[in-house]
Structure formats: C-alpha cells, structure tokens
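Novice: Just dropping this structure here.
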Amino acid sequence: MKALDDVLAAHGVGVRPLYRVLDLLRTGDHDLGELVRLSTAPRRSVEAVLAALGDDLDRSGDRLRISPGVAASYLQYRAPRYADPLDEAVATHELLPKIAEWVAEVPSPLAALDHVQATPETVLRRALWLDAQYDLASTRLLFLGDHDLTSLAVRAVCPSASLTVVDLDERVLAYLDDRGGREIRTVHADLRVGLPPSLSGGADLVFSDPPYTPEGMGLFAARGVQALREPSEGRLLLAYGYSPRHPALGAQVQRSLATLGLTFEAILPGFNRYFGAQAIGSAADLYVCQPTAKAKKMRSGKAIYTHGPQSVEAAGTKPALLEKLKEIAGAGGLALESRPVDWSISGPEGDAIAMDLSADPGPWLLRTLLGTNARRLALLVPNAHPDLADQVSQEALASLVRGKYALRYLRSTPDNRHAVVVAEAVEHQDEVLTRAHARLANVSLDVPEDLTDLRLVDVPRHRLAELL
C-alpha cells in the first residue's frame, strides 16, 4: 500500500476527501463521476488514488470497487464524517422528488455559457438554507442566471417570496414561466452589457452561480451590487468552486470580490454539488457577501467564460471576414468587435451597418435586430446559429421582427463556418419595435402589467410574440 500512502501523504491536511473515495470503493461500486461528486475530491486526485490501488481495484465496465477479498485491509483509511442536519432534512423532504423532476426536464446545459447542473439535493438545500437565514416572505430576491432552477425551489418552500430571474438563456426563462406559472418574474439580459434598468436598486438579496473565472465572478458580483436596494444592508450570495490543487485561482477570485468592496460574511465549504465540474470535485462553496458602502458597480463586461467563442482565451474574428461583411452591408458599413450589442443604450443608427456577432450564443441576433435602427443591417453569425437551423426557426425569427425588418439568410457566407443575416427596413415600421429601449408603458397602453417597466429588449423571447 506504499503507493497509496504516498498519494495520501501528498495531499496533507486536505486528505479527508480521498478517504471518502476509499470508503466508497470499499463499500460499493461507483463510476468515476460518482466518486468525484460524492467525495468532493478533484478528478485528478481520484484518478491518482485509483492508480495507486493497482490490482486491488475491480473494474466492471465503468463501475469500480475495491476487491471484496482485500476490502478489510482498507478499514484503516476510514474517516469520520460530520452529519449536517440540513443534509438529513433534504434527503427526507417531500419536495425533493418534485425538484428532481424539474431538474431532469430543464433545457440541456450549454457549455458555451459554463452551465453545470446542480444536483436536486443542492437546489433544495439552497432553498431551505435561504428560508432559514432570511425572511423571504418580505424579501425581494433576484437570481442572476438560474439554469439550476433554485427559484422554483424557493417558490415551493416560500410561496409568498417575491422572485425575479434574469438570464441570457431564453430556454431557461421559458421553462421557468411554464413550471412557475408566471409567479416568478423573468427578464432577459446579457450581464456583460448591463443590468436592465428596471432591476437596478430593487432587490434585498441576490443569488448567483456565475462562471468561475475571475472575470465572470467579478462581473456577476458587480451586477449584484447594482441590483441591491441598499447594498450595505443587502446580501450577495455566490456559488464558487476551485480545485485545492490550484489555490491561486481561488485567491484571484477572492481578490476580485474584495476589490469590489465585498466582505465575506461566511464561506460555506462544499455547499453546492454538481453533475460535472469534476476538475473542482463537482462541488462549490457558498459565499455570503455583504457589500460595503463603497462597493463598486462595474459598467461594462468582457470575456468571462471558460469554453467556446466567448471564453477568456478565445481569439477574435479574422479581419478578412469583417471586410467581407462590410461589403455585404454596403457603403457606410461599420464592423464592430465580437461582443454583444450594448442594449443599455439605444443601438447604433445609420444607413447601412455591419455587426460581428460571430460569438453569439443564441440571443444576440434577435436582440440586435430589436435594439438597432438602420435602413440595412448585415449581421455575421455562426452558420450553426439556432435561429438559422431550419426553415421553421428562420420563419419564427422573421415573424418577430417583420414590423421592422425583412430578413434574408445567407448561409455559409463569407465562409462555411459563418452566415450573414441581412435585414432591410420595411416601409411602415411598428413603433414598439423601433423604440426598443423605451419603457413599454411609455410606448403602448396595451402591455401586460408585469412587463410595463421593462424595455422591449428585456422581454423574454417566448413572450414577445404575445406582446407584439
């Protein structure tokens, strides 16, 4: 067992999760993902333990266990575990089966948005903890992104809570409206662009599970501060995890939060568990932050994700593609950087405008068409963009903006990885569509009450057809 002892010794005082790996292998069979999630040990550390077990490890497909004949010799590594009363309450709670059903049916995670699905137990754990710590019945709680469906769990635990979810993923907003019966307010936004004005300074609590880059954590935290009614009296709750093998990453994030003027009221280790994120042990802490009176509010965003064309390391669009885009747009075309359009102000106006949306995760195309007023637009998007996927998708997009633009789709243009959407202004434009940055209450009298303080660019896509 010397090889195993060497692996354990290398982990110092943080060895307990590896003892849990050994307990799991000794008492049953598990796949690698389960070993990571149930122990909270990083995948590389678990793999080191498996390699050190050598011939004592039985493999049956992807199932792993210590051979029964030698299992007793591993009792020496058994570790005592603290039984958290909240974990016990979650395991027997009547809501857990319903939450598991919601999580099973939520739209699939998008790697480009750093989605990693929290377990149903974690979702319920969050709701119960929030209800125990705060008077949710008199609290306005804002979720910055909610692919995990924590808002649904909070609504089930405390039906009288005032809940709002802002998300970039249109699918999540539609799902929440469907499952929540519109009792949870849903608003569309790309937080790199800004927080919708109607959400600024209105929340008592903000909850978020942001991208785990320093840039992502800093941006979401800054938007959270902006959303709080009284920052120093409110609380900002953030999920964040890093591998104990790389503590410098955790230090970077904590510095970025402290620079914003946030104090760490508490850090609850391993509070969140996930299906995935094995590099960080499929677990993340819960940061309870209290903003100081001088807490800073970030004005603009940048690359914040770890995957895809919007990631921190992503390369920009090739200049040759942008030149071809200008040609398609026509005289006066202006090529912008690969970023979301700034919907916090009125979009650019002009005769012919070209925009680079090649990093569009899906929502930018529609929001650009809504937020930009020009005679002609040429928009560079991925060839696999969901709005261009088939005729039905193309017609659905065209139908939403037909009161403003007529659309043409140039697939595999300028190359086979991109497409160009050309929008030509129609003769008689719908005023609601041309005033996408005005409060809807100031544009039309015929607006659902829960949308009156939103701008058109803030309205979830699934509600636009009804509104227009």
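Ordering of the structure tokens sets the chain letters (A, B, ...); residue numbers start at 1 within each chain; ligands are numbered from 1 in the order shown.
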Within 12 Å of A:Ser138, counting only C-alpha atoms, which residues qualify if same-chain residues fewer than 6 places away don't, as a compact mmCIF listing (two decimals) with N, CA and C atoms, in the first residue's frame?

Specialist:
```
# COMPACT_ATOMS: atom_id res chain seq x y z
N ASP A 131 -34.40 30.14 3.26
CA ASP A 131 -35.61 30.35 4.05
C ASP A 131 -35.29 30.40 5.54
N CYS A 158 -41.28 28.82 -0.06
CA CYS A 158 -41.91 30.05 0.45
C CYS A 158 -42.71 30.70 -0.68
N PRO A 159 -43.97 30.29 -0.87
CA PRO A 159 -44.77 30.79 -1.99
C PRO A 159 -44.97 32.30 -2.01
N SER A 160 -44.82 32.97 -0.86
CA SER A 160 -45.07 34.41 -0.82
C SER A 160 -43.82 35.23 -1.16
N ALA A 161 -42.69 34.58 -1.41
CA ALA A 161 -41.47 35.32 -1.74
C ALA A 161 -41.61 36.02 -3.09
N SER A 162 -41.02 37.20 -3.21
CA SER A 162 -41.00 37.95 -4.46
C SER A 162 -39.73 37.59 -5.22
N LEU A 163 -39.87 36.89 -6.34
CA LEU A 163 -38.72 36.31 -7.03
C LEU A 163 -38.62 36.84 -8.46
N ALA A 203 -33.55 44.97 -5.30
CA ALA A 203 -33.51 43.67 -4.61
C ALA A 203 -32.94 43.80 -3.20
N ASP A 204 -33.37 42.88 -2.35
CA ASP A 204 -32.81 42.78 -0.99
C ASP A 204 -31.74 41.69 -0.92
N LEU A 205 -31.94 40.64 -1.71
CA LEU A 205 -30.98 39.53 -1.81
C LEU A 205 -30.73 39.24 -3.27
```

Novice: Which residue out of A:Pro196, A:Gly216, A:Gly276, A:Gly28 has the minimum interatomic distance to A:Gln252 when only C-alpha atoms are used?

Specialist: A:Gly216

Novice: List every residue of stretch 377-445 of chain A that has an atom at most 9 Å from any atom of stretch 349-366 of chain A, and for each one report the closest atom pair and its distance in Å to one decimal, counting only C-alpha atoms, with rows sorted by chain and then by increasing residue number, as a tab-separated table.

Specialist:
```
residue	atom	partner	partner_atom	distance
A:Leu377	CA	A:Ile353	CA	5.0
A:Ala378	CA	A:Ala354	CA	4.7
A:Leu379	CA	A:Met355	CA	5.0
A:Leu380	CA	A:Asp356	CA	5.0
A:Val381	CA	A:Ser358	CA	4.3
A:Pro382	CA	A:Ser358	CA	5.3
A:Asn383	CA	A:Ser358	CA	8.9
A:His385	CA	A:Gly362	CA	6.4
A:Pro386	CA	A:Gly362	CA	6.3
A:Asp387	CA	A:Gly362	CA	7.5
A:Leu397	CA	A:Leu366	CA	7.3
A:Leu400	CA	A:Leu366	CA	8.6
A:Val401	CA	A:Leu366	CA	8.3
A:His418	CA	A:Ser358	CA	7.3
A:Ala419	CA	A:Ser358	CA	8.8
A:Val421	CA	A:Leu365	CA	8.8
```

Novice: For the residues selected in the previous step, produce a file with C-alpha atoms as a tab-separated table (two decimals), in the first residue's frame.

Specialist:
```tsv
chain	number	residue	atom	x	y	z
A	377	LEU	CA	-28.12	45.59	-41.33
A	378	ALA	CA	-25.60	42.86	-42.14
A	379	LEU	CA	-25.01	40.60	-39.13
A	380	LEU	CA	-22.26	37.96	-39.04
A	381	VAL	CA	-23.36	34.91	-37.01
A	382	PRO	CA	-22.24	31.27	-36.67
A	383	ASN	CA	-23.53	29.07	-39.50
A	385	HIS	CA	-26.89	29.59	-35.12
A	386	PRO	CA	-30.17	28.24	-33.67
A	387	ASP	CA	-32.23	30.90	-35.49
A	397	LEU	CA	-37.28	34.97	-36.18
A	400	LEU	CA	-40.94	38.53	-34.59
A	401	VAL	CA	-39.30	41.46	-36.41
A	418	HIS	CA	-20.40	31.64	-40.77
A	419	ALA	CA	-23.60	33.09	-42.12
A	421	VAL	CA	-28.32	37.80	-41.83
```

Novice: Counting only C-alpha atoms, which of A:Leu321, A:Val459, A:Ala239, A:Ala398 gets nearest to A:Ile267?

Specialist: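 Selected residue with least distance to A:Ile267: A:Ala239.
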
Novice: Going by DSSP on the backbone, which residues of stretch 78-300 of chain A come out as strand (DSSP E)? List them as a count of residues only.

Specialist: 50

Novice: Need the shell around A:Val116: protein/DNA/RNA residues with any atom at most 8 Å away, counting only C-alpha atoms. Skip same-chain ones fewer than 5 positions apart. Format as a VMD selection string?

Specialist: chain A and resid 109 111 274 to 277

Novice: Would you mind exporting C-alpha atoms of the selected residues as a CSV table (one decimal), in the first residue's frame?

Specialist:
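Below is the file result.csv, written as the result:
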```csv
chain,number,residue,atom,x,y,z
A,109,PRO,CA,-26.7,22.7,-20.2
A,111,ALA,CA,-21.0,24.6,-22.4
A,274,TYR,CA,-22.9,19.3,-9.4
A,275,PHE,CA,-23.3,16.7,-12.2
A,276,GLY,CA,-20.0,17.6,-13.8
A,277,ALA,CA,-17.3,20.1,-12.9
```

Novice: Neighbouring residues of A:Leu176 were defined as those with any atom within 12 Å, considering only C-alpha atoms; residues of the same chain fewer than 6 positions away were excluded. Please report them as JSON, numbers by chain.

Specialist: {"A": [102, 103, 105, 106, 107, 145, 146, 147, 148, 149, 150, 151, 152, 153, 155, 163, 164, 165, 166, 167, 169, 170, 182, 183, 184, 185, 186, 187, 460, 462]}

Novice: Skipping near chain neighbours, those fewer than 2 positions away, what residues fall within 8 Å of A:Asp56 using only C-alpha atoms, listed as a PyMOL selection string?

Specialist: chain A and resi 53-54+58+66-67+70

Novice: Keeping C-alpha atoms for every residue in the selection just given, could you write it to a file as a PDB file, in the first residue's frame?

Specialist:
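What ended up in selection-v7.pdb:
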```pdb
ATOM      1  CA  LEU A  53      -4.813   0.757  -5.764  1.00  0.00           C
ATOM      2  CA  GLY A  54      -3.382  -1.332  -8.590  1.00  0.00           C
ATOM      3  CA  ASP A  58     -12.001  -4.355  -9.529  1.00  0.00           C
ATOM      4  CA  ILE A  66     -12.030  -2.470  -4.078  1.00  0.00           C
ATOM      5  CA  SER A  67     -11.913  -6.264  -4.379  1.00  0.00           C
ATOM      6  CA  VAL A  70      -8.969  -7.213   0.395  1.00  0.00           C
TER       7      VAL A  70
END
```
